[in-house]
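For reference, run-v7.cif (mmCIF, C-alpha atoms):
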data_input
loop_
_atom_site.label_atom_id
_atom_site.label_comp_id
_atom_site.auth_asym_id
_atom_site.auth_seq_id
_atom_site.Cartn_x
_atom_site.Cartn_y
_atom_site.Cartn_z
CA MET Z 2 -14.03 15.79 -6.52
CA GLN Z 3 -13.86 12.13 -7.37
CA CYS Z 4 -13.26 11.38 -11.02
CA SER Z 5 -16.49 10.37 -12.80
CA CYS Z 6 -14.69 8.67 -15.67
CA ASN Z 7 -14.93 5.27 -14.02
CA THR Z 8 -17.93 4.24 -11.95
CA GLY Z 9 -16.53 0.74 -11.30
CA LYS Z 10 -14.04 -0.45 -8.71
CA ARG Z 11 -10.63 1.18 -8.88
CA LEU Z 12 -7.52 -0.93 -9.45
CA MET Z 13 -4.72 1.29 -8.20
CA CYS Z 14 -1.19 0.14 -9.00
CA TYR Z 15 1.75 1.28 -6.89
CA PHE Z 16 4.91 1.67 -8.96
CA SER Z 17 8.10 1.66 -6.90
CA SER Z 18 10.45 4.46 -7.93
CA ASP Z 19 13.32 2.09 -7.02
CA SER Z 20 12.29 -0.61 -9.51
CA PRO Z 21 14.19 0.75 -12.54
CA ARG Z 22 17.37 0.23 -10.49
CA THR Z 23 16.61 -3.37 -9.47
CA LYS Z 24 19.29 -5.77 -10.64
CA GLY Z 25 18.94 -8.38 -13.36
CA TYR Z 26 15.50 -9.61 -14.36
CA GLY Z 27 13.99 -7.55 -11.55
CA ARG Z 28 14.53 -4.28 -13.41
CA TYR Z 29 11.11 -2.77 -14.06
CA THR Z 30 10.39 0.46 -15.89
CA ALA Z 31 7.41 2.57 -16.96
CA ASN Z 32 7.20 0.48 -20.13
CA GLU Z 33 6.35 -2.69 -18.18
CA ILE Z 34 3.30 -1.35 -16.30
CA PRO Z 35 0.10 -3.04 -17.58
CA LEU Z 36 -1.78 0.21 -18.13
CA GLU Z 37 -4.66 -1.70 -19.71
CA LEU Z 38 -5.34 -3.19 -16.25
CA CYS Z 39 -4.64 -0.30 -13.86
CA SER Z 40 -7.23 2.46 -13.47
CA ASP Z 41 -4.65 4.49 -11.53
CA VAL Z 42 -0.87 4.39 -11.17
CA ILE Z 43 0.61 5.76 -7.95
CA TYR Z 44 4.28 6.67 -8.25
CA ARG Z 45 5.72 5.70 -4.85
CA GLY Z 46 7.34 7.86 -4.41
CA ILE Z 47 9.02 11.16 -3.90
CA SER Z 48 10.82 11.93 -0.67
CA PHE Z 49 9.44 14.51 1.72
CA PRO Z 50 10.64 17.95 0.49
CA ASP Z 51 13.42 19.89 2.18
CA TRP Z 52 12.64 23.02 4.22
CA THR Z 53 14.80 25.74 2.65
CA ARG Z 54 14.52 29.50 3.27
CA GLY Z 55 10.86 29.46 4.22
CA ALA Z 56 9.73 27.09 1.47
CA TYR Z 57 9.51 23.37 0.78
CA VAL Z 58 11.65 22.17 -2.12
CA PHE Z 59 11.50 18.71 -3.71
CA LYS Z 60 14.76 17.00 -4.65
CA ASN Z 61 15.75 17.83 -8.22
CA ASP Z 62 17.02 14.36 -9.12
CA GLU Z 63 13.74 12.79 -7.98
CA LEU Z 64 11.74 15.31 -10.01
CA GLN Z 65 13.78 14.42 -13.09
CA GLN Z 66 13.01 10.73 -12.57
CA LEU Z 67 9.32 11.54 -12.11
CA TRP Z 68 9.27 13.58 -15.33
CA ALA Z 69 10.87 10.76 -17.30
CA PHE Z 70 8.39 8.27 -15.83
CA LEU Z 71 5.35 10.42 -16.63
CA SER Z 72 6.56 11.16 -20.15
CA THR Z 73 6.66 7.43 -20.85
CA VAL Z 74 3.36 6.35 -19.28
CA LYS Z 75 1.35 9.29 -20.61
CA ALA Z 76 2.54 8.49 -24.13
CA ARG Z 77 1.24 4.96 -23.61
CA SER Z 78 -2.16 5.81 -22.07
CA ALA Z 79 -4.16 9.01 -21.75
CA SER Z 80 -7.02 7.39 -19.80
CA VAL Z 81 -5.08 6.17 -16.74
CA ARG Z 82 -4.86 8.57 -13.79
CA TYR Z 83 -1.40 9.25 -12.37
CA PHE Z 84 -0.68 10.09 -8.75
CA ILE Z 85 2.35 10.88 -6.63
CA SER Z 86 2.97 9.50 -3.14
CA ILE Z 87 4.94 11.69 -0.72
CA VAL Z 88 6.88 9.35 1.56
CA GLU Z 89 9.12 9.75 4.57
CA ARG Z 90 12.43 7.94 4.50
CA GLY Z 91 14.62 7.04 7.46
CA LYS Z 92 15.81 10.04 9.45
CA GLU Z 93 13.01 12.20 8.03
CA ALA Z 94 10.31 10.26 9.88
CA LEU Z 95 9.45 13.39 11.90
CA ALA Z 96 9.04 15.57 8.78
CA TYR Z 97 5.25 15.20 8.45
CA SER Z 98 4.75 15.94 12.16
CA ILE Z 99 6.83 19.11 12.14
CA MET Z 100 5.26 20.40 8.94
CA ALA Z 101 1.64 19.68 9.83
CA GLU Z 102 1.84 21.13 13.35
CA ILE Z 103 3.14 24.54 12.24
CA PRO Z 104 0.59 26.56 10.17
CA GLU Z 105 3.27 28.43 8.16
CA ARG Z 106 5.03 25.22 7.20
CA ARG Z 107 1.73 23.49 6.48
CA GLY Z 108 0.79 26.27 4.08
CA ALA Z 109 4.19 26.11 2.39
CA PHE Z 110 3.88 22.34 1.98
CA VAL Z 111 0.44 22.63 0.39
CA ARG Z 112 1.68 25.32 -2.01
CA ALA Z 113 4.66 23.19 -3.05
CA LEU Z 114 2.40 20.18 -3.55
CA LEU Z 115 -0.18 22.06 -5.60
CA LEU Z 116 2.59 23.42 -7.84
CA LEU Z 117 3.97 19.90 -8.31
CA LEU Z 118 0.56 18.50 -9.29
CA GLU Z 119 -0.06 21.28 -11.81
CA GLN Z 120 3.40 21.31 -13.38
CA TYR Z 121 3.46 17.55 -13.89
CA GLY Z 122 -0.19 17.11 -14.85
CA LEU Z 123 -0.91 14.67 -12.03
CA SER Z 124 -4.42 13.61 -11.00
CA GLY Z 125 -3.68 13.92 -7.30
CA VAL Z 126 -1.54 12.93 -4.35
CA GLU Z 127 -1.26 10.22 -1.70
CA ILE Z 128 -0.28 11.42 1.76
CA ALA Z 129 1.84 8.52 3.04
CA TRP Z 130 2.30 9.54 6.67
CA GLU Z 131 3.65 6.39 8.37
CA TRP Z 132 2.61 6.46 11.23
CA PRO Z 133 1.34 9.53 13.09
CA GLY Z 134 0.87 9.96 16.82
CA SER Z 135 0.98 6.75 18.76
CA MET Z 136 3.83 5.14 16.83
CA VAL Z 137 6.44 7.26 18.58
CA LYS Z 138 9.27 4.89 17.65
CA PHE Z 139 8.71 5.97 14.02
CA GLY Z 140 8.94 9.65 14.87
CA GLY Z 141 5.33 10.55 15.67
CA ILE Z 142 4.37 13.15 18.28
CA SER Z 143 1.30 13.45 20.47
CA ASN Z 144 -0.36 16.25 18.49
CA ASP Z 145 -0.29 14.31 15.21
CA ARG Z 146 -3.92 13.23 15.54
CA GLU Z 147 -5.07 16.83 15.17
CA SER Z 148 -2.32 17.75 12.70
CA VAL Z 149 -3.40 15.07 10.22
CA VAL Z 150 -6.83 16.69 10.00
CA SER Z 151 -5.35 20.20 9.73
CA LEU Z 152 -3.09 19.13 6.86
CA LEU Z 153 -5.87 17.38 4.96
CA THR Z 154 -8.20 20.35 5.52
CA ASP Z 155 -5.67 22.78 4.03
CA LEU Z 156 -4.88 20.41 1.17
CA ARG Z 157 -8.55 19.85 0.33
CA SER Z 158 -9.14 23.62 0.40
CA GLY Z 159 -6.23 24.18 -1.97
CA LEU Z 160 -7.47 21.50 -4.37
CA LYS Z 161 -11.09 22.66 -4.28
CA SER Z 162 -11.26 24.01 -7.82
CA ARG Z 163 -8.48 21.92 -9.41
CA ASN Z 164 -10.25 18.57 -9.99
CA LYS Z 165 -7.53 16.66 -8.15
CA GLU Z 166 -7.90 13.75 -5.74
CA VAL Z 167 -6.35 13.15 -2.32
CA PHE Z 168 -5.53 9.70 -0.95
CA PHE Z 169 -4.51 8.92 2.63
CA PHE Z 170 -2.36 5.86 3.33
CA GLY Z 171 -4.07 4.34 6.39
CA ALA Z 172 -3.00 1.70 8.87
CA VAL Z 173 -5.32 -0.97 10.27
CA TYR Z 174 -3.41 -1.50 13.51
CA PRO Z 175 -5.99 -1.02 16.31
CA LYS Z 176 -3.67 1.19 18.40
CA VAL Z 177 -3.07 3.54 15.46
CA LEU Z 178 -6.76 3.63 14.55
CA ARG Z 179 -7.69 4.56 18.12
CA GLU Z 180 -4.91 7.01 18.92
CA SER Z 181 -3.62 8.46 15.64
CA TYR Z 182 -6.66 9.10 13.44
CA ARG Z 183 -9.89 11.01 13.54
CA VAL Z 184 -11.39 8.59 11.04
CA THR Z 185 -14.62 10.44 10.30
CA SER Z 186 -12.80 13.73 9.64
CA ILE Z 187 -10.14 12.06 7.49
CA CYS Z 188 -12.72 10.29 5.35
CA GLN Z 189 -14.73 13.49 4.87
CA LEU Z 190 -11.63 15.23 3.54
CA VAL Z 191 -10.09 12.60 1.25
CA ASP Z 192 -11.32 10.80 -1.84
CA PHE Z 193 -9.87 7.45 -0.80
CA VAL Z 194 -8.00 5.75 2.01
CA THR Z 195 -5.40 3.29 0.68
CA LEU Z 196 -5.26 0.64 3.39
CA PHE Z 197 -2.05 -0.91 4.68
CA THR Z 198 -3.46 -4.46 4.75
CA PHE Z 199 -0.23 -6.27 3.83
CA ASP Z 200 3.13 -6.88 5.54
CA MET Z 201 1.33 -6.86 8.91
CA ARG Z 202 3.54 -9.47 10.62
CA PRO Z 203 7.12 -8.18 11.04
CA HIS Z 204 10.05 -10.55 11.38
CA THR Z 205 10.74 -9.13 14.85
CA ASN Z 206 7.68 -11.00 16.16
CA ASN Z 207 9.76 -14.20 15.81
CA VAL Z 208 6.65 -16.07 14.70
CA ALA Z 209 6.06 -17.72 11.33
CA ASP Z 210 2.88 -16.12 10.06
CA VAL Z 211 1.13 -15.06 6.87
CA HIS Z 212 1.68 -11.35 6.26
CA SER Z 213 -1.90 -10.42 5.36
CA PRO Z 214 -4.24 -12.69 7.35
CA MET Z 215 -7.97 -12.31 6.87
CA ARG Z 216 -8.54 -13.04 10.57
CA ASN Z 217 -6.47 -13.59 13.70
CA ARG Z 218 -5.70 -17.14 14.88
CA SER Z 219 -5.85 -18.71 18.35
CA PHE Z 220 -2.06 -18.54 18.89
CA GLU Z 221 -2.12 -14.72 18.68
CA ARG Z 222 -2.48 -13.59 22.29
CA ASP Z 223 -0.39 -10.42 22.04
CA PRO Z 224 -2.82 -7.52 22.70
CA ASN Z 225 -0.88 -5.32 20.27
CA ARG Z 226 -1.73 -7.73 17.46
CA ALA Z 227 -5.35 -8.32 18.46
CA LYS Z 228 -7.60 -7.60 15.50
CA THR Z 229 -4.61 -6.75 13.30
CA ASN Z 230 -5.96 -8.46 10.22
CA VAL Z 231 -7.76 -7.61 6.98
CA VAL Z 232 -11.39 -8.18 8.03
CA ASP Z 233 -11.18 -6.45 11.42
CA GLY Z 234 -9.13 -3.62 9.92
CA VAL Z 235 -11.68 -2.88 7.21
CA GLU Z 236 -14.61 -3.21 9.59
CA SER Z 237 -12.93 -0.88 12.11
CA TRP Z 238 -12.51 1.89 9.54
CA ILE Z 239 -16.20 1.52 8.63
CA GLU Z 240 -17.34 1.40 12.27
CA PHE Z 241 -15.26 4.50 13.05
CA GLY Z 242 -17.13 6.43 10.35
CA CYS Z 243 -15.52 5.90 6.94
CA PRO Z 244 -17.82 5.26 3.94
CA PRO Z 245 -16.90 1.81 2.52
CA LYS Z 246 -16.66 3.21 -1.02
CA LYS Z 247 -13.70 5.35 0.09
CA LEU Z 248 -11.68 2.35 1.32
CA ILE Z 249 -9.16 0.79 -1.07
CA LEU Z 250 -7.92 -2.63 0.04
CA GLY Z 251 -4.15 -3.13 -0.13
CA ILE Z 252 -2.86 -6.42 -1.56
CA GLY Z 253 0.85 -7.24 -1.42
CA LEU Z 254 2.23 -9.13 -4.43
CA PHE Z 255 5.19 -10.52 -2.51
CA GLY Z 256 6.28 -13.28 -0.18
CA GLN Z 257 7.54 -12.77 3.35
CA ALA Z 258 10.04 -15.38 4.52
CA TYR Z 259 11.29 -16.46 7.94
CA THR Z 260 13.99 -18.80 9.23
CA LEU Z 261 12.44 -21.43 11.48
CA ALA Z 262 13.91 -22.07 14.92
CA ASN Z 263 13.24 -25.79 14.42
CA PRO Z 264 12.56 -27.14 10.89
CA ALA Z 265 10.40 -29.88 12.41
CA ILE Z 266 7.94 -27.27 13.73
CA TYR Z 267 6.54 -25.39 10.77
CA ASN Z 268 2.83 -24.73 11.30
CA VAL Z 269 1.56 -21.15 11.34
CA GLY Z 270 2.68 -19.74 14.69
CA ALA Z 271 5.95 -21.69 14.77
CA PRO Z 272 8.93 -19.94 16.42
CA THR Z 273 11.44 -18.23 14.12
CA VAL Z 274 14.88 -16.69 14.56
CA GLY Z 275 14.66 -13.92 11.97
CA PRO Z 276 14.05 -13.20 8.28
CA GLY Z 277 14.41 -15.83 5.61
CA ALA Z 278 17.36 -16.07 3.27
CA GLU Z 279 18.00 -13.22 0.86
CA GLY Z 280 16.70 -13.78 -2.66
CA GLN Z 281 18.10 -12.59 -5.98
CA TYR Z 282 16.36 -9.20 -6.10
CA TYR Z 283 15.43 -7.77 -2.68
CA TYR Z 284 16.64 -7.73 0.91
CA GLU Z 285 16.38 -10.75 3.17
CA GLY Z 286 12.95 -12.00 4.03
CA TYR Z 287 11.10 -10.58 1.01
CA TYR Z 288 10.50 -12.07 -2.43
CA PRO Z 289 8.59 -10.49 -5.33
CA TYR Z 290 5.96 -12.78 -6.81
CA TYR Z 291 7.93 -13.21 -10.06
CA GLU Z 292 10.73 -14.80 -8.01
CA LEU Z 293 8.72 -16.80 -5.48
CA CYS Z 294 6.37 -18.37 -8.03
CA LEU Z 295 9.37 -20.26 -9.44
CA LEU Z 296 11.03 -20.80 -6.08
CA VAL Z 297 8.13 -22.63 -4.41
CA ARG Z 298 8.05 -25.09 -7.30
CA SER Z 299 11.60 -26.22 -6.55
CA GLY Z 300 11.03 -28.70 -3.74
CA TRP Z 301 9.03 -26.59 -1.29
CA SER Z 302 6.00 -28.09 0.47
CA ILE Z 303 2.90 -25.89 0.10
CA PHE Z 304 0.25 -25.49 2.83
CA TYR Z 305 -2.74 -23.23 3.46
CA ASP Z 306 -3.74 -21.26 6.54
CA THR Z 307 -7.51 -21.79 6.54
CA ILE Z 308 -8.30 -18.96 8.98
CA GLY Z 309 -5.77 -16.44 7.68
CA GLN Z 310 -6.74 -17.64 4.17
CA MET Z 311 -3.25 -17.46 2.69
CA PRO Z 312 -0.79 -20.09 1.42
CA PHE Z 313 2.64 -20.70 2.90
CA ALA Z 314 5.54 -22.83 1.72
CA VAL Z 315 8.24 -24.65 3.69
CA ARG Z 316 11.64 -26.05 2.73
CA GLY Z 317 14.09 -27.01 5.44
CA ASN Z 318 14.30 -24.11 7.87
CA GLN Z 319 12.81 -21.64 5.37
CA TRP Z 320 9.15 -20.58 5.71
CA MET Z 321 7.34 -18.16 3.39
CA SER Z 322 3.80 -16.79 3.10
CA TYR Z 323 2.53 -15.16 -0.09
CA GLU Z 324 -0.55 -14.27 -2.11
CA ASP Z 325 -1.99 -16.41 -4.89
CA THR Z 326 -5.31 -16.31 -6.75
CA THR Z 327 -7.00 -18.33 -3.96
CA SER Z 328 -6.01 -15.92 -1.19
CA ILE Z 329 -6.67 -12.89 -3.39
CA SER Z 330 -10.12 -14.27 -4.17
CA ALA Z 331 -10.98 -14.15 -0.45
CA LYS Z 332 -9.90 -10.52 -0.31
CA LEU Z 333 -11.93 -9.63 -3.40
CA ASP Z 334 -14.96 -11.32 -1.84
CA LEU Z 335 -14.53 -8.86 1.04
CA VAL Z 336 -14.29 -5.93 -1.40
CA GLN Z 337 -17.62 -7.02 -2.87
CA GLN Z 338 -19.33 -7.84 0.44
CA LYS Z 339 -18.34 -4.57 2.11
CA ARG Z 340 -18.77 -2.52 -1.10
CA LEU Z 341 -15.26 -1.10 -0.91
CA GLY Z 342 -13.91 1.28 -3.54
CA GLY Z 343 -11.36 -1.11 -5.01
CA VAL Z 344 -7.85 -2.48 -4.60
CA VAL Z 345 -4.32 -1.04 -4.46
CA LEU Z 346 -1.36 -3.30 -5.36
CA GLN Z 347 1.93 -3.22 -3.46
CA TYR Z 348 3.60 -3.25 -6.01
CA VAL Z 349 2.50 -3.87 -9.60
CA ASP Z 350 6.21 -4.38 -10.38
CA TYR Z 351 6.26 -7.47 -8.11
CA ASP Z 352 3.83 -9.42 -10.31
CA ASP Z 353 5.22 -12.00 -12.76
CA PHE Z 354 5.67 -9.41 -15.50
CA TRP Z 355 8.05 -11.65 -17.46
CA GLY Z 356 5.64 -14.59 -17.44
CA PHE Z 357 8.23 -16.84 -15.77
CA CYS Z 358 5.45 -19.02 -14.34
CA GLY Z 359 2.94 -18.79 -17.22
CA SER Z 360 1.09 -15.74 -18.49
CA ARG Z 361 2.35 -12.21 -17.79
CA ASN Z 362 1.00 -10.26 -14.80
CA PRO Z 363 -1.24 -13.14 -13.66
CA LEU Z 364 -2.25 -11.69 -10.28
CA THR Z 365 -2.96 -8.18 -11.60
CA THR Z 366 -4.98 -9.68 -14.47
CA TYR Z 367 -6.97 -11.87 -12.08
CA ILE Z 368 -7.78 -8.90 -9.84
CA TYR Z 369 -8.78 -6.76 -12.83
CA GLN Z 370 -11.13 -9.47 -14.11
CA ARG Z 371 -12.70 -10.06 -10.69
CA LEU Z 372 -13.24 -6.36 -10.02
CA ALA Z 373 -14.93 -5.99 -13.41
CA GLN Z 374 -17.45 -8.65 -12.40
CA ILE Z 375 -18.53 -6.88 -9.21
CA PRO Z 376 -21.91 -5.16 -9.70
CA SER Z 377 -22.00 -1.38 -9.53
CA ASP Z 378 -22.72 0.18 -6.14
CA ILE Z 379 -24.71 3.02 -7.66
CA GLY Z 380 -27.89 1.70 -6.05
CA PHE Z 381 -26.33 2.18 -2.64
CA ALA Z 382 -25.26 5.79 -3.25
CA ILE Z 383 -27.86 7.16 -0.86
CA GLU Z 384 -26.52 4.98 1.97
CA TRP Z 385 -23.16 6.74 2.25
CA SER Z 386 -22.15 10.20 1.17
#
Please lay out the structure from this file as structure tokens.
Amino acid sequence: MQCSCNTGKRLMCYFSSDSPRTKGYGRYTANEIPLELCSDVIYRGISFPDWTRGAYVFKNDELQQLWAFLSTVKARSASVRYFISIVERGKEALAYSIMAEIPERRGAFVRALLLLLEQYGLSGVEIAWEWPGSMVKFGGISNDRESVVSLLTDLRSGLKSRNKEVFFFGAVYPKVLRESYRVTSICQLVDFVTLFTFDMRPHTNNVADVHSPMRNRSFERDPNRAKTNVVDGVESWIEFGCPPKKLILGIGLFGQAYTLANPAIYNVGAPTVGPGAEGQYYYEGYYPYYELCLLVRSGWSIFYDTIGQMPFAVRGNQWMSYEDTTSISAKLDLVQQKRLGGVVLQYVDYDDFWGFCGSRNPLTTYIYQRLAQIPSDIGFAIEWS
């Protein structure tokens, strides 16, 4: 059942389990999370468990890190809800498919997960299956569409009397929505769908583009990218049968950078030759907001994509899109207009938690304040179950 302790919009904050190991000023621990702003913290994450002697077993070192994390945050706040995200990494991209297709393994996975939630006092779990079915290059198989529903059915049954929530990490790519999901069934079984509405324009496209556009632009003629944007993605989930209140809009607090093929051609849609230069903290082509907010002040020219509704900055052959309060405002307008359940941040540790560019956690604070101003949807409760 959905928690009744907060009838307003949820502000879910992803915490990257890698952040405590980030070098220099990028190191971020459980002590830095603004728990006064986040309604939920999702620990992202724990690797898919190993299949050992007829049971699924989580990695001991990761469990120790999770315990240390929870001990710290729970001592700081008893009102925030804490979740775990089960993610696939690299060679294990087939793990969800194999587990969910075989009833015995599916049952073992659910048992291991329920034990984890109880032992660590977690409020629930996010199933981060990226991406089932049609995305074969990531390890999916043809039966995944049915297996997703089977897994969520077994998990919901196991959680029935435990007052725990289930999230499903959902793509907005049209091909995945059509071929990988039974949207109505998924949304009947989960409490929320955390939408992948960020980082939607990979460097391999060789096109300079904002990573979370509100709408597609005229230069996008590739049928695989048609309607791959925030507005169409949200509307597709609703049209396919998901109650709006169960949709949580993803907002990425980072910049995505490209290297331009020709520095003289820098509009959105310009040709690129790969990722941008590597920054101080993360791999090439990606910058956390606490780094980029200073960077774009150092001689970059700032522009705005009026259709995608996101800023981008250019300096020489470097091109970077990112979120600011203006672009986030457009996304929060959509949350209000469509009566969505709230927002999930990828990641809260990317915000300017040091206050390098002014106040601390400016984007998270802005989102918190805007969500608090959105009227309650209680009057629309009869419209969607």
**Message:** Using all atoms listed in the file, can you tell me which of Z:Pro35, Z:Gly286, Z:Pro203, Z:Pro376 comes closest to Arg361 (chain Z)?
**Reply:**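 Among Z:Pro35, Z:Gly286, Z:Pro203, Z:Pro376, it is Z:Pro35 that comes nearest to Arg361 (chain Z).
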**Asked** Looking at all atoms listed in the file, which of Z:Asp350, Z:Glu89, Z:Leu153, Z:Asn144 is the one that sits closest to Gly108 (chain Z)?
**Response**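 The shortest atom-to-atom distance to Gly108 (chain Z) comes from Z:Leu153.
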**Prompt:** Residues picked by the PyMOL selection byres ((chain Z and resi 122) around 10) here, as a list in words?
**Reply:**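 Checked against the file, the PyMOL selection byres ((chain Z and resi 122) around 10) matches Leu71, Lys75, Arg82, Tyr83, Phe84, Leu116, Leu117, Leu118, Glu119, Gln120, Tyr121, Leu123, Ser124, Gly125 and Lys165 of chain Z.
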**Message:** Set the distance at 8 Å and use all atoms listed in the file: which residues neighbour region 364-367 of chain Z once local chain neighbours fewer than 6 positions away are removed? I'd like the list as number ranges by chain.
**Reply:** Z: 38, 254, 325-326, 349, 352-353
**For Ser219 (chain Z), the nearest of the candidates Z:Gly317, Z:Gly270, Z:Pro289, Z:Pro312, counting only C-alpha atoms** =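 Distance minimum relative to Ser219 (chain Z) lands on Z:Gly270.
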**Request:** Rank nothing, just name the residue among Z:Pro214, Z:Pro264, Z:Gly141, Z:Gly27 nearest to Lys228 (chain Z), using all atoms listed in the file.
**Result:** Z:Pro214
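Relative to CA of Arg316 (chain Z), CA of Trp301 (chain Z) is found at 4.8 Å.
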**Request:** I need the residue set behind the PyMOL selection byres ((chain Z and resi 197) around 12) for this file; please write it as a ChimeraX atom specification.
**Result:** /Z:129-132,169-174,177-178,194-196,198-202,212-213,229-231,234-235,238,248-253,344-347
**Request:** Tell me which of Z:Arg218, Z:His204, Z:Arg226, Z:Lys339 sits closest to Ile239 (chain Z), counting all atoms listed in the file.
**Result:** Z:Lys339
**Asked** In Å, with one decimal, what is the gap from CA of Thr23 (chain Z) to CA of Tyr282 (chain Z)?
**Response**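 Computed distance, CA of Thr23 (chain Z) to CA of Tyr282 (chain Z), equals 6.7 Å.
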**Request:** Could you jot down the CA of Lys247 (chain Z) to CA of Ile329 (chain Z) separation for me, Å, one decimal place?
**Result:**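 These atoms are spaced 19.9 Å apart.
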**Request:** Name all residues at most 9 Å from region 44-55 of chain Z (count all atoms listed in the file; drop same-chain ones fewer than 6 positions away) and give them as a PyMOL selection string.
**Result:** chain Z and resi 14-19+63-64+67+70+83-90+93+96-97+105-106+109-110+113+127
What box, with edges along x, y and z, holds each listed atom of region 186-193 of chain Z when 6 Å is added on every side, and can you state its centre and edge lengths in Å to one decimal, as lines of an AutoDock Vina configuration file?
center_x = -12.3
center_y = 11.3
center_z = 3.9
size_x = 16.9
size_y = 19.8
size_z = 23.5
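Candidate residues Z:Gln189, Z:Thr327, Z:Asn207, Z:Gln281 were compared for distance to Leu296 (chain Z), and the nearest is Z:Gln281, using only C-alpha atoms.
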So that I can look at just that part, could you write region 327-339 of chain Z with N, CA, C and O atoms, as a PDB file, in the first residue's frame?
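Saved the output as selection-v8.pdb:
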ATOM      1  N   THR Z 327      15.167  27.358 -14.808  1.00  0.00           N
ATOM      2  CA  THR Z 327      14.226  27.660 -15.898  1.00  0.00           C
ATOM      3  C   THR Z 327      13.741  26.378 -16.561  1.00  0.00           C
ATOM      4  O   THR Z 327      12.537  26.188 -16.785  1.00  0.00           O
ATOM      5  N   SER Z 328      14.672  25.480 -16.891  1.00  0.00           N
ATOM      6  CA  SER Z 328      14.271  24.230 -17.542  1.00  0.00           C
ATOM      7  C   SER Z 328      13.511  23.327 -16.584  1.00  0.00           C
ATOM      8  O   SER Z 328      12.541  22.663 -16.966  1.00  0.00           O
ATOM      9  N   ILE Z 329      13.926  23.324 -15.319  1.00  0.00           N
ATOM     10  CA  ILE Z 329      13.234  22.510 -14.320  1.00  0.00           C
ATOM     11  C   ILE Z 329      11.819  23.038 -14.095  1.00  0.00           C
ATOM     12  O   ILE Z 329      10.877  22.260 -13.887  1.00  0.00           O
ATOM     13  N   SER Z 330      11.650  24.347 -14.175  1.00  0.00           N
ATOM     14  CA  SER Z 330      10.318  24.933 -14.017  1.00  0.00           C
ATOM     15  C   SER Z 330       9.358  24.387 -15.067  1.00  0.00           C
ATOM     16  O   SER Z 330       8.195  24.090 -14.766  1.00  0.00           O
ATOM     17  N   ALA Z 331       9.823  24.229 -16.306  1.00  0.00           N
ATOM     18  CA  ALA Z 331       8.971  23.675 -17.367  1.00  0.00           C
ATOM     19  C   ALA Z 331       8.563  22.246 -17.039  1.00  0.00           C
ATOM     20  O   ALA Z 331       7.418  21.836 -17.279  1.00  0.00           O
ATOM     21  N   LYS Z 332       9.475  21.493 -16.468  1.00  0.00           N
ATOM     22  CA  LYS Z 332       9.170  20.106 -16.115  1.00  0.00           C
ATOM     23  C   LYS Z 332       8.190  20.045 -14.933  1.00  0.00           C
ATOM     24  O   LYS Z 332       7.302  19.191 -14.890  1.00  0.00           O
ATOM     25  N   LEU Z 333       8.335  20.959 -13.995  1.00  0.00           N
ATOM     26  CA  LEU Z 333       7.412  20.977 -12.856  1.00  0.00           C
ATOM     27  C   LEU Z 333       6.024  21.463 -13.272  1.00  0.00           C
ATOM     28  O   LEU Z 333       5.018  21.053 -12.690  1.00  0.00           O
ATOM     29  N   ASP Z 334       5.976  22.324 -14.280  1.00  0.00           N
ATOM     30  CA  ASP Z 334       4.672  22.708 -14.846  1.00  0.00           C
ATOM     31  C   ASP Z 334       3.958  21.474 -15.381  1.00  0.00           C
ATOM     32  O   ASP Z 334       2.745  21.316 -15.215  1.00  0.00           O
ATOM     33  N   LEU Z 335       4.721  20.580 -16.022  1.00  0.00           N
ATOM     34  CA  LEU Z 335       4.145  19.340 -16.554  1.00  0.00           C
ATOM     35  C   LEU Z 335       3.663  18.443 -15.418  1.00  0.00           C
ATOM     36  O   LEU Z 335       2.590  17.835 -15.508  1.00  0.00           O
ATOM     37  N   VAL Z 336       4.444  18.351 -14.341  1.00  0.00           N
ATOM     38  CA  VAL Z 336       4.026  17.563 -13.175  1.00  0.00           C
ATOM     39  C   VAL Z 336       2.676  18.054 -12.672  1.00  0.00           C
ATOM     40  O   VAL Z 336       1.773  17.256 -12.360  1.00  0.00           O
ATOM     41  N   GLN Z 337       2.519  19.378 -12.613  1.00  0.00           N
ATOM     42  CA  GLN Z 337       1.263  19.943 -12.131  1.00  0.00           C
ATOM     43  C   GLN Z 337       0.124  19.749 -13.136  1.00  0.00           C
ATOM     44  O   GLN Z 337      -0.977  19.329 -12.765  1.00  0.00           O
ATOM     45  N   GLN Z 338       0.398  20.014 -14.409  1.00  0.00           N
ATOM     46  CA  GLN Z 338      -0.645  19.912 -15.435  1.00  0.00           C
ATOM     47  C   GLN Z 338      -1.169  18.487 -15.586  1.00  0.00           C
ATOM     48  O   GLN Z 338      -2.381  18.270 -15.736  1.00  0.00           O
ATOM     49  N   LYS Z 339      -0.266  17.516 -15.532  1.00  0.00           N
ATOM     50  CA  LYS Z 339      -0.654  16.115 -15.734  1.00  0.00           C
ATOM     51  C   LYS Z 339      -0.999  15.413 -14.421  1.00  0.00           C
ATOM     52  O   LYS Z 339      -1.394  14.250 -14.426  1.00  0.00           O
TER      53      LYS Z 339
END
